[in-house]
Structures are given as structure tokens and as C-alpha cells.
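Reproduced below: my_file_9.cif, with mmCIF, C-alpha atoms.
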data_work
#
loop_
_atom_site.label_atom_id
_atom_site.label_comp_id
_atom_site.auth_asym_id
_atom_site.auth_seq_id
_atom_site.Cartn_x
_atom_site.Cartn_y
_atom_site.Cartn_z
CA MET A 895 196.87 51.92 189.26
CA ALA A 896 195.15 54.06 186.67
CA ILE A 897 192.49 53.09 184.16
CA LEU A 898 192.77 55.15 180.98
CA GLU A 899 189.72 55.61 178.79
CA ALA A 900 189.97 55.90 175.02
CA ALA A 901 190.88 59.37 173.77
CA ASP A 902 189.85 61.21 170.62
CA LEU A 903 192.97 61.39 168.46
CA SER A 904 191.88 64.38 166.43
CA LYS A 905 193.55 65.69 163.29
CA ASP A 906 194.74 68.71 165.28
CA LEU A 907 196.54 66.45 167.77
CA GLU A 908 198.00 64.40 164.92
CA GLY A 909 199.32 67.39 162.98
CA THR A 910 202.20 69.78 163.59
CA TYR A 911 201.92 71.74 166.82
CA TYR A 912 202.56 75.45 166.94
CA SER A 913 205.08 75.07 169.71
CA PRO A 914 208.79 75.65 170.42
CA LYS A 915 208.96 72.27 172.14
CA MET A 916 210.34 69.24 170.39
CA GLN A 917 207.67 67.09 168.77
CA TRP A 918 207.66 63.76 167.03
CA TRP A 919 205.73 60.91 165.51
CA CYS A 920 207.05 57.47 166.39
CA ALA A 921 206.06 54.09 164.99
CA HIS A 922 207.39 50.59 165.07
CA ALA A 923 206.22 47.40 163.45
CA ASP A 924 207.10 43.74 163.99
CA LEU A 925 206.92 42.18 160.53
CA VAL A 926 207.34 38.70 159.08
CA ASP A 927 207.37 37.41 155.49
CA ASP A 928 205.92 34.17 154.12
CA ALA A 929 209.20 32.35 154.79
CA GLY A 930 209.14 33.34 158.46
CA ASN A 931 211.89 35.96 158.24
CA GLU A 932 211.37 38.73 160.81
CA THR A 933 212.01 42.43 160.28
CA GLY A 934 211.48 45.17 162.83
CA LEU A 935 210.77 48.73 161.69
CA TYR A 936 211.63 51.68 163.91
CA PHE A 937 210.59 55.06 162.57
CA TRP A 938 210.87 58.41 164.34
CA PRO A 939 210.71 61.72 162.43
CA ALA A 940 211.27 64.54 164.92
CA LEU A 941 211.01 68.32 164.76
CA GLY A 942 213.41 69.95 167.20
CA SER A 943 213.60 73.61 168.06
CA LEU A 944 216.92 73.97 166.17
CA ASP A 945 216.97 71.10 163.67
CA GLU A 946 215.08 68.06 162.39
CA ALA A 947 215.92 64.36 162.58
CA TRP A 948 214.74 61.45 160.42
CA ILE A 949 215.50 58.48 162.65
CA CYS A 950 214.75 55.13 161.05
CA SER A 951 216.17 51.61 161.17
CA LEU A 952 215.27 48.09 160.11
CA HIS A 953 216.23 45.15 162.31
CA THR A 954 216.64 41.47 161.42
CA ILE A 955 218.04 38.66 163.53
CA ASP A 956 221.48 39.22 161.95
CA GLU A 957 221.77 42.94 161.25
CA MET A 958 220.60 46.50 161.70
CA LEU A 959 219.99 48.63 158.60
CA ASP A 960 220.42 52.32 159.41
CA LEU A 961 218.27 54.72 157.38
CA THR A 962 218.76 57.64 159.78
CA GLN A 963 219.59 61.19 158.66
CA LEU A 964 220.27 63.70 161.42
CA TYR A 965 220.75 67.47 161.78
CA GLN A 966 218.48 68.52 158.93
CA PRO A 967 217.78 72.28 158.73
CA LEU A 968 214.47 73.51 160.09
CA GLY A 969 211.82 73.29 157.40
CA THR A 970 213.39 70.31 155.62
CA PHE A 971 210.41 68.11 156.47
CA LYS A 972 207.10 69.00 154.89
CA THR A 973 204.39 68.81 157.55
CA SER A 974 200.72 69.55 158.02
CA ARG A 975 198.80 71.18 160.85
CA SER A 976 195.93 68.72 160.28
CA GLY A 977 196.43 64.99 160.38
CA VAL A 978 199.69 63.11 160.03
CA ASP A 979 201.57 64.26 156.94
CA VAL A 980 205.34 64.34 157.29
CA GLN A 981 207.49 64.04 154.17
CA PHE A 982 211.27 63.93 153.70
CA GLY A 983 212.20 63.55 150.05
CA ASN A 984 210.42 60.40 148.87
CA GLN A 985 209.87 59.17 152.42
CA TYR A 986 206.77 59.88 154.47
CA ILE A 987 204.23 59.04 157.14
CA ARG A 988 200.68 60.12 156.39
CA GLY A 989 197.10 59.42 157.34
CA THR A 990 194.69 59.95 160.17
CA PHE A 991 193.27 57.60 162.80
CA PRO A 992 192.67 54.70 162.24
CA ASN A 993 194.73 54.36 159.03
CA TYR A 994 198.32 55.38 158.33
CA GLU A 995 200.94 54.70 155.67
CA ILE A 996 204.72 54.81 156.01
CA TYR A 997 207.39 54.69 153.32
CA VAL A 998 211.13 54.70 154.03
CA GLU A 999 214.18 54.05 151.86
CA GLY A 1000 217.95 54.24 151.84
CA GLU A 1001 221.22 52.60 150.85
CA PRO A 1002 222.76 51.16 154.04
CA ASN A 1003 226.05 49.42 153.25
CA GLY A 1004 225.53 50.23 149.55
CA GLU A 1005 222.34 48.14 149.26
CA GLN A 1006 219.10 49.73 148.09
CA VAL A 1007 216.40 49.11 150.70
CA SER A 1008 212.82 50.33 150.98
CA LEU A 1009 209.77 49.51 153.05
CA GLN A 1010 206.17 50.57 152.51
CA VAL A 1011 203.56 49.64 155.13
CA GLU A 1012 199.90 50.34 155.76
CA MET A 1013 198.82 50.38 159.40
CA THR A 1014 195.20 49.85 160.52
CA ALA A 1015 194.34 50.43 164.17
CA GLU A 1016 192.93 47.50 166.12
CA THR A 1017 192.38 49.56 169.28
CA PRO A 1018 191.38 53.12 170.11
CA ALA A 1019 193.92 55.80 170.91
CA PHE A 1020 194.83 56.70 174.51
CA GLU A 1021 196.57 59.57 176.25
CA ALA A 1022 199.72 58.19 177.85
CA VAL A 1023 200.67 59.31 181.37
CA PRO A 1024 198.10 62.13 181.22
CA ASN A 1025 199.30 63.73 184.47
CA LEU A 1026 202.93 64.08 183.33
CA ARG A 1027 203.68 67.81 183.25
CA GLY A 1028 205.04 69.45 180.11
CA ILE A 1029 204.27 66.59 177.73
CA THR A 1030 201.39 65.90 175.36
CA TRP A 1031 201.51 62.21 174.50
CA HIS A 1032 198.96 60.10 172.64
CA TYR A 1033 199.39 56.60 171.30
CA VAL A 1034 197.56 53.77 169.58
CA PRO A 1035 198.55 50.47 171.28
CA ARG A 1036 198.03 48.02 168.45
CA PHE A 1037 197.81 48.00 164.64
CA SER A 1038 197.61 45.33 162.01
CA VAL A 1039 200.33 46.06 159.45
CA ARG A 1040 200.84 44.96 155.85
CA GLY A 1041 203.42 46.07 153.34
CA THR A 1042 206.30 45.40 150.99
CA LEU A 1043 209.98 45.16 151.86
CA THR A 1044 212.40 45.60 148.94
CA ARG A 1045 216.08 44.73 149.16
CA GLY A 1046 218.42 44.66 146.18
CA GLY A 1047 215.50 44.90 143.76
CA LYS A 1048 213.60 41.96 145.27
CA ALA A 1049 210.19 42.77 146.75
CA THR A 1050 208.73 40.64 149.56
CA SER A 1051 205.31 40.90 151.19
CA VAL A 1052 205.37 41.36 154.96
CA SER A 1053 202.73 41.58 157.67
CA GLY A 1054 202.51 41.88 161.42
CA VAL A 1055 201.59 44.26 164.23
CA GLY A 1056 202.61 47.79 165.13
CA TYR A 1057 202.41 50.80 167.43
CA LEU A 1058 202.19 54.57 166.87
CA GLU A 1059 202.61 57.58 169.15
CA ARG A 1060 202.36 61.35 168.78
CA ARG A 1061 204.27 63.36 171.34
CA ARG A 1062 205.39 66.85 172.24
CA GLY A 1063 207.80 67.78 175.02
CA ARG A 1064 211.46 67.91 175.95
CA PHE A 1065 213.76 65.01 175.14
CA TRP A 1066 216.68 66.01 177.39
CA THR A 1067 215.86 67.29 180.88
CA PRO A 1068 218.34 68.38 183.58
CA GLY A 1069 218.66 65.95 186.45
CA ILE A 1070 217.69 62.82 184.52
CA ASN A 1071 220.21 59.97 184.56
CA ARG A 1072 218.84 57.17 182.38
CA GLY A 1073 215.72 55.57 180.97
CA LEU A 1074 214.66 52.12 179.83
CA TRP A 1075 211.63 51.29 177.71
CA GLU A 1076 210.10 48.47 175.71
CA SER A 1077 206.98 48.13 173.57
CA ILE A 1078 205.17 44.85 172.79
CA PRO A 1079 202.18 45.67 170.55
CA GLY A 1080 201.55 42.04 169.59
CA ALA A 1081 201.90 40.68 173.12
CA GLY A 1082 199.28 38.00 172.40
CA PRO A 1083 196.06 37.49 170.43
CA ALA A 1084 194.35 40.74 169.44
CA PRO A 1085 193.48 43.07 171.03
CA PHE A 1086 195.95 42.26 173.85
CA ALA A 1087 198.84 44.73 173.66
CA ILE A 1088 201.53 46.13 175.93
CA PRO A 1089 202.30 49.43 174.20
CA LEU A 1090 204.73 50.74 176.75
CA PHE A 1091 206.98 49.86 179.63
CA TYR A 1092 209.00 52.91 180.64
CA LYS A 1093 211.13 53.71 183.67
CA VAL A 1094 213.23 56.85 184.16
CA TRP A 1095 215.78 57.38 186.95
CA LYS A 1096 217.04 60.73 188.25
CA ASN A 1097 220.68 61.48 189.05
CA ASP A 1098 220.07 60.88 192.76
CA GLY A 1099 218.62 57.41 192.10
CA THR A 1100 214.99 58.35 192.66
CA ILE A 1101 212.34 57.63 190.04
CA GLN A 1102 211.04 60.25 187.64
CA LEU A 1103 208.59 57.95 185.83
CA GLN A 1104 207.54 54.31 185.94
CA THR A 1105 204.70 52.81 183.97
CA LEU A 1106 203.57 49.56 182.40
CA THR A 1107 200.50 50.02 180.23
CA PHE A 1108 198.44 47.27 178.66
CA THR A 1109 195.00 46.57 177.24
CA VAL A 1110 193.29 43.19 177.33
CA ASP A 1111 189.98 44.23 175.79
CA GLY A 1112 191.01 47.02 173.40
CA ARG A 1113 188.66 49.46 175.12
CA GLN A 1114 190.50 50.50 178.29
CA MET A 1115 194.19 50.90 179.08
CA VAL A 1116 195.49 49.70 182.44
CA ASP A 1117 198.51 51.50 183.87
CA PHE A 1118 200.50 49.62 186.53
CA GLU A 1119 202.42 52.41 188.24
CA ASN A 1120 204.66 50.20 190.40
CA VAL A 1121 207.35 48.73 188.16
CA GLU A 1122 210.62 47.06 189.16
CA VAL A 1123 213.46 46.16 186.81
CA ASP A 1124 216.01 43.40 187.40
CA ILE A 1125 218.81 43.74 184.84
CA GLN A 1126 220.29 40.27 184.40
CA GLU A 1127 222.82 40.76 181.60
CA THR A 1128 224.54 43.75 180.01
CA ALA A 1129 226.87 44.21 177.05
CA ASN A 1130 229.39 46.81 175.90
CA LEU A 1131 228.37 47.20 172.28
CA PRO A 1132 230.81 48.26 169.52
CA GLY A 1133 231.29 52.01 169.51
CA PHE A 1134 229.59 52.33 172.92
CA GLU A 1135 231.99 50.32 175.04
CA GLU A 1136 231.71 52.71 177.99
CA ILE A 1137 228.01 51.84 178.43
CA ASP A 1138 226.65 48.77 180.19
CA HIS A 1139 223.67 48.25 177.92
CA PRO A 1140 220.85 46.03 179.31
CA MET A 1141 220.55 42.96 177.08
CA ARG A 1142 218.43 40.76 179.32
CA TYR A 1143 216.11 41.98 182.06
CA ARG A 1144 212.98 41.09 183.98
CA LEU A 1145 210.31 43.61 184.76
CA THR A 1146 207.67 43.07 187.39
CA ALA A 1147 204.71 45.34 187.95
CA ASP A 1148 201.53 45.45 189.99
CA GLY A 1149 198.41 47.44 190.59
CA ASP A 1150 194.85 46.97 191.75
CA GLY A 1151 193.55 43.89 190.03
CA GLY A 1152 196.73 42.33 188.81
CA THR A 1153 200.44 41.74 188.35
CA ALA A 1154 202.88 41.32 185.47
CA THR A 1155 206.17 39.49 185.06
CA ILE A 1156 207.90 39.88 181.71
CA ASP A 1157 211.37 38.78 180.58
CA VAL A 1158 213.00 40.71 177.73
CA VAL A 1159 215.96 39.45 175.68
CA ARG A 1160 217.42 42.02 173.29
CA ASN A 1161 219.11 41.56 169.94
CA PRO A 1162 222.68 43.00 169.98
CA HIS A 1163 222.31 44.60 166.50
CA ARG A 1164 221.13 48.01 167.66
CA LEU A 1165 220.89 51.57 166.41
CA GLY A 1166 223.32 53.62 168.49
CA LEU A 1167 223.07 57.42 168.48
CA ARG A 1168 224.77 60.23 170.40
CA ASN A 1169 223.34 63.76 170.77
CA TYR A 1170 221.04 63.26 167.84
CA PHE A 1171 219.32 66.62 168.18
CA ASP A 1172 220.73 70.11 168.60
CA ASP A 1173 219.25 70.88 172.01
CA PRO A 1174 218.95 74.56 172.95
CA ASP A 1175 220.37 73.81 176.42
CA PRO A 1176 224.21 73.81 176.16
CA ARG A 1177 224.38 71.25 178.98
CA ALA A 1178 222.52 68.63 176.97
CA LYS A 1179 224.35 65.39 176.22
CA TRP A 1180 222.93 61.89 175.81
CA THR A 1181 223.21 58.48 174.13
CA GLY A 1182 220.48 56.13 172.94
CA LEU A 1183 220.70 52.48 171.88
CA TYR A 1184 217.61 51.19 170.06
CA GLY A 1185 216.70 47.74 168.80
CA ALA A 1186 214.53 44.68 168.60
CA GLY A 1187 214.08 41.89 171.13
CA HIS A 1188 211.68 39.24 172.35
CA ALA A 1189 209.42 39.29 175.40
CA THR A 1190 207.89 36.38 177.33
CA GLY A 1191 205.87 36.28 180.50
CA VAL A 1192 202.40 36.74 181.87
CA VAL A 1193 200.04 39.57 182.76
CA THR A 1194 197.41 38.59 185.32
CA TYR A 1195 194.44 40.93 185.48
CA ARG A 1196 191.15 40.41 187.30
CA GLY A 1197 191.88 36.74 187.77
CA GLU A 1198 192.70 36.01 184.13
CA GLU A 1199 196.19 35.20 182.82
CA HIS A 1200 197.36 36.67 179.52
CA ARG A 1201 200.47 34.99 178.17
CA VAL A 1202 203.14 37.15 176.52
CA ASP A 1203 205.33 35.68 173.78
CA ALA A 1204 206.14 38.20 171.07
CA PRO A 1205 208.72 40.46 169.44
CA SER A 1206 209.46 43.72 171.22
CA TYR A 1207 211.25 46.97 170.52
CA GLY A 1208 212.94 49.28 172.98
CA SER A 1209 215.95 51.31 173.97
CA ALA A 1210 218.24 52.29 176.78
CA LEU A 1211 218.82 56.02 177.17
CA PHE A 1212 221.69 57.61 179.08
CA PHE A 1213 221.68 61.32 179.93
CA TYR A 1214 224.63 63.50 180.94
CA GLU A 1215 225.52 67.16 181.33
CA ASN A 1216 228.32 68.96 179.52
CA SER A 1217 230.65 70.63 181.99
#
Give the structure from the file, written as C-alpha cells.
Amino acid sequence: MAILEAADLSKDLEGTYYSPKMQWWCAHADLVDDAGNETGLYFWPALGSLDEAWICSLHTIDEMLDLTQLYQPLGTFKTSRSGVDVQFGNQYIRGTFPNYEIYVEGEPNGEQVSLQVEMTAETPAFEAVPNLRGITWHYVPRFSVRGTLTRGGKATSVSGVGYLERRRGRFWTPGINRGLWESIPGAGPAPFAIPLFYKVWKNDGTIQLQTLTFTVDGRQMVDFENVEVDIQETANLPGFEEIDHPMRYRLTADGDGGTATIDVVRNPHRLGLRNYFDDPDPRAKWTGLYGAGHATGVVTYRGEEHRVDAPSYGSALFFYENS
């Protein structure tokens, strides 16, 4: 088990790297309006080495609204070397720790949709998996979020919790078979957050990465490095029938000072993408299925139980090689 101390998320780390590696900003927010209607935001602008991708979707209990635009020419997004400032047309993410603003819009299924949110950090930033070679990865585990969702000309106030990460590295790597991750920023009363469960399997069945990170006090991040996954139900989703996508699973984890058992049930309305960047390696081929869910369980740490009952967001990733 590792204990991660708070990191200084400087404007240089937040801004555009001078690097040929892929880099991205990623945020999600679990939002609810005054009537109790839930909306999940997933937002992921990415700068590849050959193109740029504006990946964004909104998720309700009944549908997924796809605002994604892929394969944009290099230089389409306007970015800054200092602080977060990424703009694509009218859409953007901007700010610097601890405050950020996101605006997205589109016309999925012919309906005008937009969402503007302001995110205020409730915890420090941390460096995720700091010993992982070839990747620079910082995240803020928990934000309070407020904003306005507009659909068909009707504006509704929304609020909730969120997560943000800043990362540089490769997305596709030879020898990787699949990955599974989930994030639960509002796992319980603030500042309790589970920013990341992530497990990655190699082609030979061995483990490339396994981590369950959480904070109970908002000052330190605990990383349980022994994580098991019991997939209890899968589905073959429309357009991705060849994939057994995990819809219900239990993760268990342990480390010095504690254990965790968390059950995740995923919503079937997911964002499905294939080869959504132009990777410089001609062997690269992959599929990702992203969406909202709900997590329940308990994290026990230093003799104290922390109950989990909250929305989650995650994906299943499947990696291949072109022959």
C-alpha cells in the first residue's frame, strides 16, 4: 500500500506539454437537478500526435447524448502552456487549481443541448501512480460542481460532485489486452472520494496495473495495490456485439490498514468508440465503452468504515493489434 501526499498542481503541469506523447484533460461530474433527475458528464479533450479528439457525452438513466467529435486536424483546439485553457469552437475547459469551468454543446439526435459547469476543488491534487513509467498523471479527487443544463431551449440548474485529471502518455501500448476502470468522486460525505479504480491486463493474463485510490480526510491519498475483480454480469451492447462488456462486477482490495469491497452496476446506455485516435503505431487497434453506473459497498481504513453509495463513471477498454 502506498500513501500519496498532496502534490502542487502548477500552471505548467495544467497547461499544454511540449511533448510528442498524447496528452489530455479528463473530467466527469455526477449532477442532479431540483427534481432529482440525474445527469452524468464525461468530458475528455485529447491532443494526439497525429490528430485531436473532443470526446464528450451526457448520460441519463434512459439515454446517452453523444457530443463527441473525432479526428480533428492538429491545431484545431486552442490551448495554453500555462493553466487549463482548451477551446474548440464555443466549447472549452479553462481555469487553474482549485477552480475550473467547462462548457459543452451539440445537437445529438437533432436536439440542441448544452451544459456549463463550474468546478471547485474540495481536496488537494495528487500524482496518480507516481512510479508508472512513461506517464505523467495528476488528478483532483473531488470537486463540488454547479451549473446549467439546457435542452430544447429549457435551462435547468444542476449540482453535484466531480473529478478532474491531467495526463500525458501513450493510450495504446503493445502487449496490453484490456482495462477496466471506475471513478466515484462522491463516494460518501465530503471529503471522502474514490477517484480511481483501475486494472489493466496483459495479453498473457498477467497484470500491468492495479490500483484503488481513495481519500477519507482530503489530505492524503491511500492506494490499495492489491485489487481483485469478480465480473458477475456482461452484455453485448448494440454495435459492439462481439464484446462481453462488464455490466455488474465486484471489486475487492486491500492494503496495510484496510480493505474495500465495492459493487458496481453499470447503465447500458454507453458511449462506444473504436480507434478514436490516429495512433502512430500501425498495429494500434482498440475499443472503449464509457458510461455511468452506481457503486455501493464499504471501505474500511484504520478501523473505521466508510460506506459507499453513489453514482460512478467508468469504462471497459479492449486492445488489439492489426495484423
Region 1140-1216 of chain A residues near region 950-971 of chain A within 10 Å, closest pair each, using only C-alpha atoms, as a Markdown table:
| residue | atom | partner | partner_atom | distance |
| --- | --- | --- | --- | --- |
| A:Asn1161 | CA | A:Ile955 | CA | 7.1 |
| A:Pro1162 | CA | A:Glu957 | CA | 8.8 |
| A:His1163 | CA | A:Met958 | CA | 5.4 |
| A:Arg1164 | CA | A:Met958 | CA | 6.2 |
| A:Leu1165 | CA | A:Met958 | CA | 6.9 |
| A:Gly1166 | CA | A:Asp960 | CA | 9.6 |
| A:Leu1167 | CA | A:Thr962 | CA | 9.7 |
| A:Asn1169 | CA | A:Leu964 | CA | 9.8 |
| A:Tyr1170 | CA | A:Leu964 | CA | 6.5 |
| A:Phe1171 | CA | A:Tyr965 | CA | 6.6 |
| A:Asp1172 | CA | A:Tyr965 | CA | 7.3 |
| A:Tyr1184 | CA | A:Ser951 | CA | 9.0 |
| A:Gly1185 | CA | A:His953 | CA | 7.0 |
| A:Ala1186 | CA | A:His953 | CA | 6.5 |
| A:Gly1187 | CA | A:Ile955 | CA | 9.2 |
| A:Tyr1207 | CA | A:His953 | CA | 9.8 |
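With distances restricted to all atoms listed in the file, A:Gly1056 is the closest residue to Pro1079 (chain A) from A:Gly1056, A:Gly977, A:Gly1000, A:Gly1133.
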List the neighbours of region 1135-1144 of chain A out to 9 Å using all atoms listed in the file; skip same-chain residues closer than 6 positions along the sequence, and give me the result as a PDB file with C-alpha atoms, in the coordinates of the input.
ATOM      1  CA  LEU A1074     214.660  52.120 179.830  1.00  0.00           C
ATOM      2  CA  GLU A1122     210.620  47.060 189.160  1.00  0.00           C
ATOM      3  CA  VAL A1123     213.460  46.160 186.810  1.00  0.00           C
ATOM      4  CA  ASP A1124     216.010  43.400 187.400  1.00  0.00           C
ATOM      5  CA  ILE A1125     218.810  43.740 184.840  1.00  0.00           C
ATOM      6  CA  GLN A1126     220.290  40.270 184.400  1.00  0.00           C
ATOM      7  CA  GLU A1127     222.820  40.760 181.600  1.00  0.00           C
ATOM      8  CA  THR A1128     224.540  43.750 180.010  1.00  0.00           C
ATOM      9  CA  ALA A1129     226.870  44.210 177.050  1.00  0.00           C
ATOM     10  CA  THR A1155     206.170  39.490 185.060  1.00  0.00           C
ATOM     11  CA  ILE A1156     207.900  39.880 181.710  1.00  0.00           C
ATOM     12  CA  ASP A1157     211.370  38.780 180.580  1.00  0.00           C
ATOM     13  CA  VAL A1158     213.000  40.710 177.730  1.00  0.00           C
ATOM     14  CA  VAL A1159     215.960  39.450 175.680  1.00  0.00           C
ATOM     15  CA  ARG A1160     217.420  42.020 173.290  1.00  0.00           C
ATOM     16  CA  ASN A1161     219.110  41.560 169.940  1.00  0.00           C
ATOM     17  CA  PRO A1162     222.680  43.000 169.980  1.00  0.00           C
ATOM     18  CA  LEU A1183     220.700  52.480 171.880  1.00  0.00           C
ATOM     19  CA  GLY A1187     214.080  41.890 171.130  1.00  0.00           C
ATOM     20  CA  SER A1209     215.950  51.310 173.970  1.00  0.00           C
ATOM     21  CA  ALA A1210     218.240  52.290 176.780  1.00  0.00           C
ATOM     22  CA  PHE A1212     221.690  57.610 179.080  1.00  0.00           C
TER      23      PHE A1212
END
Query raised in the report: So what do you get for CA of Asn984 (chain A) versus CA of Glu999 (chain A), distance-wise?
Result: 8.0 Å
Query - Resolved residues for the PyMOL selection byres ((chain A and resi 941) around 8) as a ChimeraX atom specification - result: /A:916-918,939-940,942-943,945-947,968
Take the selection from the previous step and output its residues with C-alpha atoms, as a PDB file, in the coordinates of the input.
ATOM      1  CA  MET A 916     210.340  69.240 170.390  1.00  0.00           C
ATOM      2  CA  GLN A 917     207.670  67.090 168.770  1.00  0.00           C
ATOM      3  CA  TRP A 918     207.660  63.760 167.030  1.00  0.00           C
ATOM      4  CA  PRO A 939     210.710  61.720 162.430  1.00  0.00           C
ATOM      5  CA  ALA A 940     211.270  64.540 164.920  1.00  0.00           C
ATOM      6  CA  GLY A 942     213.410  69.950 167.200  1.00  0.00           C
ATOM      7  CA  SER A 943     213.600  73.610 168.060  1.00  0.00           C
ATOM      8  CA  ASP A 945     216.970  71.100 163.670  1.00  0.00           C
ATOM      9  CA  GLU A 946     215.080  68.060 162.390  1.00  0.00           C
ATOM     10  CA  ALA A 947     215.920  64.360 162.580  1.00  0.00           C
ATOM     11  CA  LEU A 968     214.470  73.510 160.090  1.00  0.00           C
TER      12      LEU A 968
END
Requested in this report: Carefully work through the PyMOL selection byres ((chain A and resi 1010) around 7) for this structure and note down the residues it includes, as an MDAnalysis selection string.
Outcome: chainID A and resid 996:998 1008:1009 1011 1041:1043
File output for region 1116-1138 of chain A (N, CA and C atoms) as a PDB file, in the first residue's frame:
ATOM      1  N   VAL A1116      -4.799   7.204  -0.218  1.00  0.00           N
ATOM      2  CA  VAL A1116      -4.388   5.833   0.042  1.00  0.00           C
ATOM      3  C   VAL A1116      -4.516   5.052  -1.262  1.00  0.00           C
ATOM      4  N   ASP A1117      -3.506   4.259  -1.569  1.00  0.00           N
ATOM      5  CA  ASP A1117      -3.508   3.445  -2.778  1.00  0.00           C
ATOM      6  C   ASP A1117      -3.428   1.974  -2.370  1.00  0.00           C
ATOM      7  N   PHE A1118      -4.549   1.257  -2.465  1.00  0.00           N
ATOM      8  CA  PHE A1118      -4.541  -0.196  -2.292  1.00  0.00           C
ATOM      9  C   PHE A1118      -4.065  -0.817  -3.602  1.00  0.00           C
ATOM     10  N   GLU A1119      -2.928  -1.505  -3.547  1.00  0.00           N
ATOM     11  CA  GLU A1119      -2.298  -2.015  -4.764  1.00  0.00           C
ATOM     12  C   GLU A1119      -2.631  -3.476  -5.045  1.00  0.00           C
ATOM     13  N   ASN A1120      -3.452  -4.093  -4.199  1.00  0.00           N
ATOM     14  CA  ASN A1120      -3.930  -5.457  -4.440  1.00  0.00           C
ATOM     15  C   ASN A1120      -5.423  -5.388  -4.697  1.00  0.00           C
ATOM     16  N   VAL A1121      -5.817  -5.567  -5.952  1.00  0.00           N
ATOM     17  CA  VAL A1121      -7.210  -5.377  -6.354  1.00  0.00           C
ATOM     18  C   VAL A1121      -7.662  -6.585  -7.167  1.00  0.00           C
ATOM     19  N   GLU A1122      -8.768  -7.188  -6.752  1.00  0.00           N
ATOM     20  CA  GLU A1122      -9.365  -8.295  -7.494  1.00  0.00           C
ATOM     21  C   GLU A1122     -10.714  -7.870  -8.057  1.00  0.00           C
ATOM     22  N   VAL A1123     -11.065  -8.418  -9.213  1.00  0.00           N
ATOM     23  CA  VAL A1123     -12.313  -8.080  -9.880  1.00  0.00           C
ATOM     24  C   VAL A1123     -13.082  -9.359 -10.166  1.00  0.00           C
ATOM     25  N   ASP A1124     -14.329  -9.397  -9.721  1.00  0.00           N
ATOM     26  CA  ASP A1124     -15.230 -10.514  -9.997  1.00  0.00           C
ATOM     27  C   ASP A1124     -16.350  -9.988 -10.894  1.00  0.00           C
ATOM     28  N   ILE A1125     -16.274 -10.295 -12.183  1.00  0.00           N
ATOM     29  CA  ILE A1125     -17.276  -9.837 -13.137  1.00  0.00           C
ATOM     30  C   ILE A1125     -18.475 -10.774 -13.046  1.00  0.00           C
ATOM     31  N   GLN A1126     -19.625 -10.223 -12.671  1.00  0.00           N
ATOM     32  CA  GLN A1126     -20.805 -11.022 -12.384  1.00  0.00           C
ATOM     33  C   GLN A1126     -21.836 -11.014 -13.498  1.00  0.00           C
ATOM     34  N   GLU A1127     -21.783 -10.033 -14.378  1.00  0.00           N
ATOM     35  CA  GLU A1127     -22.738  -9.966 -15.488  1.00  0.00           C
ATOM     36  C   GLU A1127     -22.116  -9.172 -16.629  1.00  0.00           C
ATOM     37  N   THR A1128     -22.287  -9.654 -17.843  1.00  0.00           N
ATOM     38  CA  THR A1128     -21.821  -8.942 -19.024  1.00  0.00           C
ATOM     39  C   THR A1128     -22.978  -8.748 -19.994  1.00  0.00           C
ATOM     40  N   ALA A1129     -22.770  -7.893 -20.992  1.00  0.00           N
ATOM     41  CA  ALA A1129     -23.777  -7.655 -22.017  1.00  0.00           C
ATOM     42  C   ALA A1129     -23.070  -7.407 -23.343  1.00  0.00           C
ATOM     43  N   ASN A1130     -23.746  -7.768 -24.418  1.00  0.00           N
ATOM     44  CA  ASN A1130     -23.268  -7.490 -25.774  1.00  0.00           C
ATOM     45  C   ASN A1130     -24.080  -6.312 -26.297  1.00  0.00           C
ATOM     46  N   LEU A1131     -23.516  -5.125 -26.175  1.00  0.00           N
ATOM     47  CA  LEU A1131     -24.255  -3.899 -26.442  1.00  0.00           C
ATOM     48  C   LEU A1131     -24.385  -3.654 -27.942  1.00  0.00           C
ATOM     49  N   PRO A1132     -25.453  -2.954 -28.364  1.00  0.00           N
ATOM     50  CA  PRO A1132     -25.683  -2.710 -29.794  1.00  0.00           C
ATOM     51  C   PRO A1132     -24.480  -2.056 -30.464  1.00  0.00           C
ATOM     52  N   GLY A1133     -24.083  -2.636 -31.594  1.00  0.00           N
ATOM     53  CA  GLY A1133     -22.928  -2.149 -32.321  1.00  0.00           C
ATOM     54  C   GLY A1133     -21.608  -2.698 -31.836  1.00  0.00           C
ATOM     55  N   PHE A1134     -21.613  -3.389 -30.678  1.00  0.00           N
ATOM     56  CA  PHE A1134     -20.396  -3.958 -30.097  1.00  0.00           C
ATOM     57  C   PHE A1134     -20.696  -5.384 -29.617  1.00  0.00           C
ATOM     58  N   GLU A1135     -21.458  -6.106 -30.440  1.00  0.00           N
ATOM     59  CA  GLU A1135     -21.945  -7.416 -30.026  1.00  0.00           C
ATOM     60  C   GLU A1135     -20.837  -8.435 -29.807  1.00  0.00           C
ATOM     61  N   GLU A1136     -19.666  -8.202 -30.368  1.00  0.00           N
ATOM     62  CA  GLU A1136     -18.566  -9.153 -30.214  1.00  0.00           C
ATOM     63  C   GLU A1136     -17.866  -9.016 -28.859  1.00  0.00           C
ATOM     64  N   ILE A1137     -18.241  -8.007 -28.076  1.00  0.00           N
ATOM     65  CA  ILE A1137     -17.568  -7.731 -26.805  1.00  0.00           C
ATOM     66  C   ILE A1137     -18.470  -8.116 -25.641  1.00  0.00           C
ATOM     67  N   ASP A1138     -17.929  -8.849 -24.692  1.00  0.00           N
ATOM     68  CA  ASP A1138     -18.621  -9.116 -23.429  1.00  0.00           C
ATOM     69  C   ASP A1138     -18.284  -7.973 -22.474  1.00  0.00           C
TER      70      ASP A1138
END
